[in-house]
$ cat query-v6.txt   # compact mmCIF, C-alpha atoms
# COMPACT_ATOMS: atom_id res chain seq x y z
CA MET R 42 -16.65 -52.55 6.66
CA GLU R 43 -20.36 -52.89 5.92
CA ARG R 44 -21.64 -50.10 3.70
CA MET R 45 -24.64 -48.00 4.62
CA ASP R 46 -27.90 -48.84 2.85
CA ARG R 47 -30.43 -46.05 3.32
CA TYR R 48 -33.14 -47.95 1.43
CA PRO R 49 -33.04 -51.65 2.41
CA THR R 50 -35.39 -53.81 0.34
CA ARG R 51 -36.08 -57.39 -0.81
CA ARG R 52 -36.63 -58.36 2.85
CA ALA R 53 -37.88 -61.63 4.27
CA GLU R 54 -40.84 -59.89 5.92
CA PRO R 55 -42.78 -56.68 5.21
CA ALA R 56 -41.02 -53.60 6.56
CA PRO R 57 -42.19 -50.05 7.32
CA HIS R 58 -42.13 -47.44 4.57
CA ILE R 59 -39.04 -45.20 4.56
CA PRO R 60 -39.33 -41.41 4.17
CA ARG R 61 -37.15 -40.10 1.37
CA ARG R 62 -34.08 -38.27 2.66
CA GLU R 63 -32.91 -36.61 -0.55
CA PRO R 64 -34.49 -33.69 -2.40
CA THR R 65 -36.56 -34.22 -5.52
CA VAL R 66 -35.16 -31.19 -7.35
CA TRP R 67 -31.43 -30.74 -6.89
CA GLY R 68 -30.86 -27.92 -9.35
CA GLU R 69 -31.60 -24.24 -9.14
CA GLY R 70 -34.41 -22.66 -11.05
CA SER R 71 -38.07 -21.80 -10.82
CA GLY R 72 -41.24 -22.10 -12.82
CA GLU R 73 -44.49 -24.01 -12.71
CA GLN R 74 -43.10 -27.15 -14.35
CA LEU R 75 -40.27 -27.48 -11.83
CA SER R 76 -42.47 -26.74 -8.82
CA THR R 77 -45.05 -29.25 -10.05
CA TYR R 78 -42.32 -31.84 -10.45
CA ASP R 79 -41.03 -31.15 -6.94
CA ARG R 80 -44.50 -31.45 -5.41
CA ASP R 81 -45.93 -34.36 -7.39
CA GLY R 82 -42.82 -36.22 -8.56
CA PHE R 83 -43.74 -35.75 -12.22
CA ALA R 84 -44.54 -33.12 -14.82
CA VAL R 85 -46.14 -33.28 -18.26
CA VAL R 86 -44.24 -31.73 -21.16
CA ASP R 87 -46.66 -30.94 -23.98
CA ALA R 88 -45.45 -31.12 -27.60
CA LEU R 89 -41.85 -32.01 -26.74
CA LEU R 90 -41.59 -33.37 -30.29
CA ASN R 91 -43.34 -31.84 -33.27
CA PRO R 92 -45.44 -33.97 -35.69
CA ASP R 93 -42.59 -34.38 -38.20
CA GLU R 94 -40.27 -35.60 -35.45
CA VAL R 95 -42.92 -37.98 -34.15
CA ALA R 96 -43.25 -39.48 -37.64
CA GLU R 97 -39.45 -39.85 -37.90
CA PHE R 98 -39.05 -41.56 -34.54
CA ARG R 99 -42.11 -43.73 -34.97
CA ALA R 100 -40.59 -45.06 -38.20
CA GLU R 101 -37.35 -45.70 -36.29
CA ILE R 102 -38.98 -47.72 -33.53
CA GLU R 103 -41.10 -49.68 -36.00
CA ARG R 104 -37.90 -50.50 -37.90
CA LEU R 105 -36.29 -51.83 -34.73
CA MET R 106 -39.33 -53.93 -33.88
CA VAL R 107 -39.08 -55.92 -37.14
CA ASP R 108 -35.31 -55.81 -37.73
CA PRO R 109 -34.24 -59.43 -38.44
CA ALA R 110 -30.76 -58.66 -37.12
CA LEU R 111 -32.31 -58.14 -33.66
CA ALA R 112 -34.55 -61.21 -33.69
CA ASP R 113 -32.38 -63.13 -31.23
CA ASP R 114 -30.77 -60.14 -29.53
CA ASP R 115 -30.94 -60.14 -25.72
CA ARG R 116 -31.92 -56.47 -25.84
CA VAL R 117 -35.28 -57.41 -27.37
CA ILE R 118 -37.85 -58.42 -24.74
CA ARG R 119 -40.99 -60.25 -25.83
CA GLU R 120 -44.44 -60.53 -24.31
CA LYS R 121 -44.84 -63.58 -22.12
CA ALA R 122 -48.10 -64.72 -23.72
CA SER R 123 -48.08 -63.47 -27.32
CA ASN R 124 -44.30 -63.38 -27.98
CA GLN R 125 -44.73 -59.94 -29.54
CA VAL R 126 -41.97 -57.39 -28.96
CA ARG R 127 -42.52 -55.70 -25.57
CA SER R 128 -39.33 -53.62 -25.27
CA VAL R 129 -36.06 -52.93 -27.05
CA PHE R 130 -33.23 -51.81 -24.78
CA GLU R 131 -30.19 -49.64 -25.52
CA VAL R 132 -32.17 -47.91 -28.23
CA HIS R 133 -29.71 -44.99 -28.34
CA LYS R 134 -27.06 -47.44 -29.55
CA LEU R 135 -29.36 -48.96 -32.15
CA SER R 136 -30.67 -45.69 -33.59
CA ALA R 137 -28.46 -42.74 -34.53
CA ALA R 138 -31.54 -40.51 -34.51
CA VAL R 139 -32.31 -41.38 -30.88
CA ALA R 140 -28.63 -40.95 -29.97
CA ASP R 141 -28.75 -37.41 -31.32
CA LEU R 142 -32.08 -36.66 -29.64
CA VAL R 143 -31.01 -37.60 -26.11
CA ARG R 144 -28.15 -35.08 -26.16
CA GLU R 145 -30.35 -32.13 -27.07
CA THR R 146 -30.85 -29.46 -24.41
CA ARG R 147 -34.63 -29.92 -24.50
CA ILE R 148 -34.06 -33.57 -23.46
CA ALA R 149 -30.88 -33.95 -21.39
CA GLY R 150 -31.28 -30.35 -20.23
CA LEU R 151 -34.48 -31.27 -18.41
CA ALA R 152 -32.60 -33.94 -16.47
CA ARG R 153 -29.69 -31.64 -15.65
CA GLN R 154 -32.10 -29.01 -14.35
CA VAL R 155 -33.83 -31.49 -12.05
CA LEU R 156 -30.73 -33.36 -10.87
CA GLY R 157 -28.45 -30.33 -10.51
CA SER R 158 -25.42 -31.96 -12.13
CA ASP R 159 -24.13 -33.52 -15.29
CA VAL R 160 -26.08 -36.64 -16.20
CA TYR R 161 -25.47 -39.89 -18.02
CA LEU R 162 -27.82 -42.45 -19.55
CA HIS R 163 -28.61 -45.17 -17.05
CA GLN R 164 -31.03 -46.91 -19.41
CA THR R 165 -32.83 -46.35 -22.71
CA ARG R 166 -35.53 -48.42 -24.31
CA VAL R 167 -38.62 -48.42 -26.47
CA ASN R 168 -41.78 -49.77 -24.87
CA TYR R 169 -44.36 -51.23 -27.22
CA MET R 170 -47.90 -51.94 -26.14
CA PRO R 171 -49.67 -53.37 -29.18
CA GLY R 172 -53.42 -53.26 -29.54
CA PHE R 173 -55.52 -56.11 -28.15
CA ARG R 174 -52.63 -58.02 -26.53
CA GLY R 175 -50.34 -55.46 -24.91
CA SER R 176 -49.79 -56.38 -21.27
CA GLY R 177 -49.31 -53.77 -18.57
CA PHE R 178 -46.73 -53.09 -15.88
CA TYR R 179 -47.75 -53.73 -12.26
CA TRP R 180 -47.31 -50.99 -9.66
CA HIS R 181 -43.64 -50.41 -8.83
CA SER R 182 -40.93 -47.88 -8.06
CA ASP R 183 -38.12 -47.96 -10.61
CA PHE R 184 -35.64 -46.88 -7.95
CA GLU R 185 -36.43 -49.96 -5.87
CA THR R 186 -35.17 -52.16 -8.72
CA TRP R 187 -32.28 -49.88 -9.68
CA HIS R 188 -31.15 -49.79 -6.04
CA ALA R 189 -31.60 -53.51 -5.37
CA GLU R 190 -30.33 -54.96 -8.66
CA ASP R 191 -28.14 -52.24 -10.20
CA GLY R 192 -26.57 -50.59 -7.14
CA MET R 193 -27.97 -47.07 -7.56
CA PRO R 194 -27.29 -45.44 -4.18
CA ALA R 195 -30.00 -42.76 -4.06
CA PRO R 196 -33.13 -41.70 -5.98
CA ARG R 197 -31.25 -39.01 -7.89
CA ALA R 198 -32.41 -40.15 -11.32
CA VAL R 199 -35.18 -39.03 -13.63
CA SER R 200 -37.10 -40.72 -16.44
CA LEU R 201 -38.52 -39.16 -19.58
CA SER R 202 -41.23 -41.09 -21.39
CA ILE R 203 -41.89 -39.62 -24.85
CA ALA R 204 -45.19 -40.70 -26.41
CA MET R 205 -44.91 -42.05 -29.95
CA THR R 206 -48.65 -42.64 -30.15
CA ASP R 207 -51.65 -40.90 -28.65
CA ASN R 208 -52.12 -41.85 -24.99
CA TYR R 209 -55.79 -42.33 -24.19
CA PRO R 210 -57.32 -43.24 -20.80
CA PHE R 211 -58.25 -46.62 -22.29
CA ASN R 212 -55.11 -47.92 -24.08
CA GLY R 213 -52.88 -48.68 -21.14
CA SER R 214 -51.43 -45.22 -20.50
CA LEU R 215 -49.23 -44.74 -17.46
CA MET R 216 -50.75 -44.18 -14.02
CA VAL R 217 -48.81 -42.40 -11.27
CA MET R 218 -49.41 -41.63 -7.59
CA PRO R 219 -48.66 -37.91 -7.01
CA GLY R 220 -46.37 -37.38 -4.04
CA SER R 221 -45.50 -41.06 -3.64
CA HIS R 222 -41.92 -40.27 -4.68
CA ARG R 223 -41.33 -39.07 -1.11
CA THR R 224 -41.88 -42.58 0.29
CA PHE R 225 -39.69 -45.62 -0.35
CA VAL R 226 -41.57 -48.91 -0.12
CA PRO R 227 -39.37 -51.90 0.81
CA CYS R 228 -40.37 -55.05 -1.05
CA VAL R 229 -40.55 -58.65 0.10
CA GLY R 230 -38.61 -61.56 -1.38
CA ALA R 231 -34.98 -62.29 -2.25
CA THR R 232 -33.77 -61.48 -5.77
CA PRO R 233 -33.37 -64.70 -7.81
CA GLU R 234 -30.26 -65.14 -9.93
CA GLY R 235 -30.81 -63.70 -13.40
CA HIS R 236 -34.07 -62.15 -12.22
CA TYR R 237 -34.10 -59.60 -15.07
CA ARG R 238 -34.92 -62.33 -17.60
CA GLN R 239 -38.29 -62.81 -15.92
CA SER R 240 -38.95 -59.36 -14.50
CA LEU R 241 -38.67 -57.53 -17.83
CA ARG R 242 -41.56 -59.64 -19.09
CA GLU R 243 -43.59 -59.81 -15.89
CA GLN R 244 -42.28 -58.58 -12.54
CA GLU R 245 -43.17 -60.47 -9.37
CA ILE R 246 -40.19 -59.70 -7.11
CA GLY R 247 -39.55 -56.04 -6.32
CA VAL R 248 -43.21 -55.01 -6.36
CA PRO R 249 -45.23 -53.61 -3.45
CA THR R 250 -47.89 -55.59 -1.63
CA THR R 251 -51.55 -54.83 -2.23
CA GLN R 252 -51.63 -53.23 1.22
CA ASP R 253 -48.70 -50.95 0.26
CA VAL R 254 -50.49 -49.92 -2.93
CA THR R 255 -53.72 -49.28 -1.07
CA VAL R 256 -52.04 -47.12 1.58
CA LEU R 257 -50.25 -44.99 -1.02
CA ALA R 258 -53.30 -44.69 -3.27
CA ASP R 259 -55.49 -43.61 -0.35
CA ARG R 260 -52.95 -40.96 0.61
CA CYS R 261 -51.77 -39.78 -2.83
CA GLY R 262 -54.53 -40.64 -5.28
CA ILE R 263 -53.89 -41.78 -8.83
CA ARG R 264 -53.36 -39.67 -11.94
CA GLN R 265 -53.09 -40.88 -15.53
CA PHE R 266 -50.81 -39.53 -18.24
CA THR R 267 -52.79 -38.85 -21.39
CA GLY R 268 -51.81 -36.74 -24.35
CA ALA R 269 -51.02 -36.57 -28.02
CA ALA R 270 -48.03 -38.23 -29.65
CA GLY R 271 -44.98 -36.05 -29.05
CA SER R 272 -45.94 -35.15 -25.48
CA ALA R 273 -43.84 -36.52 -22.63
CA LEU R 274 -43.91 -37.39 -18.96
CA LEU R 275 -40.92 -36.44 -16.81
CA PHE R 276 -40.98 -38.41 -13.57
CA ASP R 277 -38.93 -39.17 -10.48
CA SER R 278 -37.21 -42.54 -10.13
CA ASN R 279 -39.05 -43.38 -6.91
CA ILE R 280 -42.63 -42.51 -7.86
CA MET R 281 -45.09 -45.38 -7.67
CA HIS R 282 -46.48 -46.05 -11.15
CA GLY R 283 -47.92 -48.75 -13.37
CA SER R 284 -50.15 -49.40 -16.37
CA SER R 285 -53.02 -51.69 -17.23
CA SER R 286 -53.16 -53.92 -20.29
CA ASN R 287 -54.27 -52.63 -23.67
CA ILE R 288 -57.28 -54.46 -25.09
CA THR R 289 -58.18 -51.66 -27.50
CA PRO R 290 -57.23 -51.53 -31.20
CA PHE R 291 -55.03 -48.50 -30.47
CA PRO R 292 -51.35 -49.33 -29.81
CA ARG R 293 -49.30 -47.35 -27.32
CA SER R 294 -45.55 -46.94 -27.63
CA ASN R 295 -42.99 -44.64 -26.09
CA ILE R 296 -39.28 -43.88 -26.05
CA PHE R 297 -38.12 -44.23 -22.47
CA LEU R 298 -34.93 -42.45 -21.33
CA VAL R 299 -33.42 -42.65 -17.85
CA PHE R 300 -30.86 -40.06 -16.76
CA ASN R 301 -28.82 -40.54 -13.59
CA SER R 302 -26.62 -37.96 -11.88
CA VAL R 303 -22.88 -38.43 -12.34
CA GLU R 304 -22.74 -37.92 -8.56
CA ASN R 305 -24.97 -40.99 -8.05
CA THR R 306 -23.12 -43.62 -10.09
CA LEU R 307 -23.73 -47.31 -9.59
CA VAL R 308 -21.97 -49.50 -7.05
CA GLN R 309 -22.48 -53.19 -6.30
CA PRO R 310 -26.17 -54.16 -6.07
CA TYR R 311 -27.74 -53.74 -2.64
CA ALA R 312 -30.00 -56.81 -2.89
CA ALA R 313 -28.76 -59.03 -5.71
CA ALA R 314 -25.78 -61.33 -6.18
CA SER R 315 -24.54 -59.61 -9.33
CA PRO R 316 -25.39 -56.54 -11.45
CA ARG R 317 -27.78 -56.72 -14.36
CA PRO R 318 -26.30 -56.52 -17.88
CA THR R 319 -25.06 -53.10 -18.95
CA TYR R 320 -27.66 -52.82 -21.74
CA ILE R 321 -30.22 -52.61 -18.89
CA ALA R 322 -28.12 -50.64 -16.40
CA SER R 323 -25.21 -48.80 -17.98
CA ARG R 324 -21.90 -48.50 -16.15
CA ASP R 325 -20.58 -46.01 -18.67
CA PHE R 326 -20.90 -42.82 -16.63
CA THR R 327 -19.87 -40.49 -19.46
CA PRO R 328 -22.01 -37.34 -19.32
CA VAL R 329 -24.38 -36.63 -22.21

$ encode --input "query-v6.txt" --output "structure tokens"
Amino acid sequence: MERMDRYPTRRAEPAPHIPRREPTVWGEGSGEQLSTYDRDGFAVVDALLNPDEVAEFRAEIERLMVDPALADDDRVIREKASNQVRSVFEVHKLSAAVADLVRETRIAGLARQVLGSDVYLHQTRVNYMPGFRGSGFYWHSDFETWHAEDGMPAPRAVSLSIAMTDNYPFNGSLMVMPGSHRTFVPCVGATPEGHYRQSLREQEIGVPTTQDVTVLADRCGIRQFTGAAGSALLFDSNIMHGSSSNITPFPRSNIFLVFNSVENTLVQPYAAASPRPTYIASRDFTPV
């Protein structure tokens, strides 16, 4: 029996946008932060980490970036042009400090409140955007990739990006389209075998067309996340977002945590021959 796919993507031809069927906030509760998240698909959390914690975690991620034991590790992704470290995946398994942090109520509790259930870690990583040569991330919906290549059934996942450095308007900070989380944009092009090896460095399949981006931007506008180190952005898995390159002397790095509902666990990919490795898309659904 053919399974139902509510969000078909990676099509041969452009397809109409699909209205989201699921809620954004599944849990009970009230407050400005939750209502903002429901309306816009994201919310800013000021001073999630204090300055001492920022210093501790910044030292941790700098240690990982230069750790010789990780030099040839598949979890380390390098910039296409400069070969500098772009991302380190499964950071909660490489750092005991991060492992402890993700279980705290102020972290995992945010995800449980939004998703209305127990949650597990779908993905963790550190993103590094060095000064002068840090390349950006083109416009995309994370859920599109997680649905197509990981088998995530519905957009019942939330990401928390914790700033390890100050985010300025000019050093490649994240841009989001408020309200775009309510629209799923099918993408064009079949998923190549082993696509993750290319896409984690520069994604070309699973991204919207320029017309898609224009339509959403005209309707939703664009906002940019700026703030001091220690602040964080909580955002929906389906929101359209991206970042430009960093040609300033000021690096930008963040700890990136993805929580998925235990009621939304992964199945076989919807638009790929095989699942991505578990260090990118965990299939350990143990609640945190």

$ residues_around --input "query-v6.txt" --residues "Thr327 (chain R)" --least-positions-apart "4" --cutoff "12 Å" --atoms "only C-alpha atoms" --output "number ranges by chain"
R: 144, 159-163, 300-304, 306, 323

$ closest_residue --input "query-v6.txt" --among "R:Cys261, R:Leu90, R:Ala269, R:Ala189" --to "Gly230 (chain R)" --atoms "all atoms listed in the file"
R:Ala189

$ atom_distance --input "query-v6.txt" --atom1 "CA of Asp108 (chain R)" --atom2 "CA of Glu131 (chain R)"
14.6 Å

$ atom_distance --input "query-v6.txt" --atom1 "CA of Ala312 (chain R)" --atom2 "CA of Arg197 (chain R)"
18.5 Å

$ residues_near_point --input "query-v6.txt" --point "(-54.9, -52.4, -25.5)" --cutoff "7 Å" --atoms "all atoms listed in the file" --output "JSON list (two decimals) with C-alpha atoms, in the coordinates of the input"
[["chain", "number", "residue", "atom", "x", "y", "z"],
["R", 171, "PRO", "CA", -49.67, -53.37, -29.18],
["R", 172, "GLY", "CA", -53.42, -53.26, -29.54],
["R", 173, "PHE", "CA", -55.52, -56.11, -28.15],
["R", 174, "ARG", "CA", -52.63, -58.02, -26.53],
["R", 175, "GLY", "CA", -50.34, -55.46, -24.91],
["R", 212, "ASN", "CA", -55.11, -47.92, -24.08],
["R", 213, "GLY", "CA", -52.88, -48.68, -21.14],
["R", 286, "SER", "CA", -53.16, -53.92, -20.29],
["R", 287, "ASN", "CA", -54.27, -52.63, -23.67],
["R", 288, "ILE", "CA", -57.28, -54.46, -25.09],
["R", 289, "THR", "CA", -58.18, -51.66, -27.50],
["R", 290, "PRO", "CA", -57.23, -51.53, -31.20],
["R", 291, "PHE", "CA", -55.03, -48.50, -30.47],
["R", 292, "PRO", "CA", -51.35, -49.33, -29.81]]

$ residues_around --input "query-v6.txt" --residues "Ala195 (chain R)" --least-positions-apart "3" --cutoff "10 Å" --atoms "all atoms listed in the file" --output "ChimeraX atom specification"
/R:46-48,61-63,184-185,187-188,192,198,278-279,301-302,304-307

$ atom_distance --input "query-v6.txt" --atom1 "CA of Val226 (chain R)" --atom2 "CA of Asp183 (chain R)"
11.1 Å

$ closest_residue --input "query-v6.txt" --among "R:Arg51, R:Asp277, R:Glu234, R:Tyr209" --to "Leu75 (chain R)" --atoms "only C-alpha atoms"
R:Asp277

$ closest_residue --input "query-v6.txt" --among "R:Ser200, R:Gln239, R:Thr267, R:Ser214" --to "Val155 (chain R)" --atoms "only C-alpha atoms"
R:Ser200

$ decode --input "query-v6.txt" --residues "region 206-228 of chain R" --atoms "N, CA, C and O atoms" --output "compact mmCIF listing (two decimals), in the first residue's frame"
# COMPACT_ATOMS: atom_id res chain seq x y z
N THR R 206 28.70 34.18 19.22
CA THR R 206 29.35 35.46 18.93
C THR R 206 28.25 36.48 18.70
O THR R 206 27.10 36.12 18.46
N ASP R 207 28.60 37.74 18.76
CA ASP R 207 27.62 38.77 18.46
C ASP R 207 27.15 38.65 17.01
O ASP R 207 27.95 38.44 16.09
N ASN R 208 25.84 38.73 16.82
CA ASN R 208 25.24 38.69 15.49
C ASN R 208 24.91 40.11 15.05
O ASN R 208 24.00 40.75 15.61
N TYR R 209 25.64 40.60 14.08
CA TYR R 209 25.42 41.94 13.54
C TYR R 209 24.61 41.83 12.23
O TYR R 209 24.53 40.74 11.64
N PRO R 210 24.08 42.93 11.73
CA PRO R 210 23.40 42.88 10.43
C PRO R 210 24.37 42.62 9.28
O PRO R 210 23.92 42.29 8.18
N PHE R 211 25.67 42.74 9.54
CA PHE R 211 26.65 42.69 8.44
C PHE R 211 27.59 41.48 8.48
O PHE R 211 28.50 41.39 7.67
N ASN R 212 27.42 40.54 9.43
CA ASN R 212 28.35 39.40 9.45
C ASN R 212 27.66 38.07 9.20
O ASN R 212 27.99 37.04 9.75
N GLY R 213 26.67 38.12 8.31
CA GLY R 213 26.04 36.89 7.86
C GLY R 213 25.00 36.33 8.80
O GLY R 213 24.73 35.12 8.77
N SER R 214 24.37 37.16 9.62
CA SER R 214 23.36 36.66 10.56
C SER R 214 22.13 36.17 9.81
O SER R 214 21.85 36.56 8.67
N LEU R 215 21.38 35.30 10.47
CA LEU R 215 20.28 34.58 9.84
C LEU R 215 19.13 35.52 9.46
O LEU R 215 18.75 36.39 10.24
N MET R 216 18.58 35.31 8.27
CA MET R 216 17.40 36.01 7.81
C MET R 216 16.23 35.03 7.76
O MET R 216 16.41 33.88 7.36
N VAL R 217 15.06 35.48 8.17
CA VAL R 217 13.86 34.64 8.16
C VAL R 217 12.71 35.41 7.54
O VAL R 217 12.70 36.64 7.53
N MET R 218 11.73 34.66 7.01
CA MET R 218 10.53 35.26 6.44
C MET R 218 9.37 34.99 7.39
O MET R 218 8.88 33.86 7.47
N PRO R 219 8.93 35.99 8.16
CA PRO R 219 7.86 35.79 9.15
C PRO R 219 6.57 35.27 8.51
O PRO R 219 6.10 35.83 7.52
N GLY R 220 6.04 34.21 9.06
CA GLY R 220 4.79 33.65 8.54
C GLY R 220 4.97 32.63 7.43
O GLY R 220 4.01 31.94 7.06
N SER R 221 6.17 32.51 6.89
CA SER R 221 6.39 31.56 5.79
C SER R 221 6.30 30.11 6.25
O SER R 221 6.19 29.19 5.43
N HIS R 222 6.34 29.89 7.57
CA HIS R 222 6.24 28.53 8.09
C HIS R 222 4.90 27.89 7.79
O HIS R 222 4.75 26.67 7.89
N ARG R 223 3.91 28.70 7.41
CA ARG R 223 2.58 28.18 7.11
C ARG R 223 2.43 27.73 5.65
O ARG R 223 1.34 27.30 5.24
N THR R 224 3.51 27.83 4.90
CA THR R 224 3.48 27.44 3.48
C THR R 224 4.63 26.49 3.19
O THR R 224 5.79 26.82 3.44
N PHE R 225 4.32 25.32 2.64
CA PHE R 225 5.36 24.38 2.22
C PHE R 225 5.63 24.60 0.74
O PHE R 225 4.71 24.64 -0.08
N VAL R 226 6.91 24.76 0.40
CA VAL R 226 7.31 25.02 -0.98
C VAL R 226 7.95 23.76 -1.56
O VAL R 226 9.08 23.40 -1.20
N PRO R 227 7.26 23.04 -2.46
CA PRO R 227 7.89 21.88 -3.11
C PRO R 227 9.07 22.33 -3.96
O PRO R 227 9.03 23.39 -4.60
N CYS R 228 10.11 21.53 -3.96
CA CYS R 228 11.32 21.87 -4.72
C CYS R 228 11.44 20.98 -5.95
O CYS R 228 10.83 19.91 -6.03
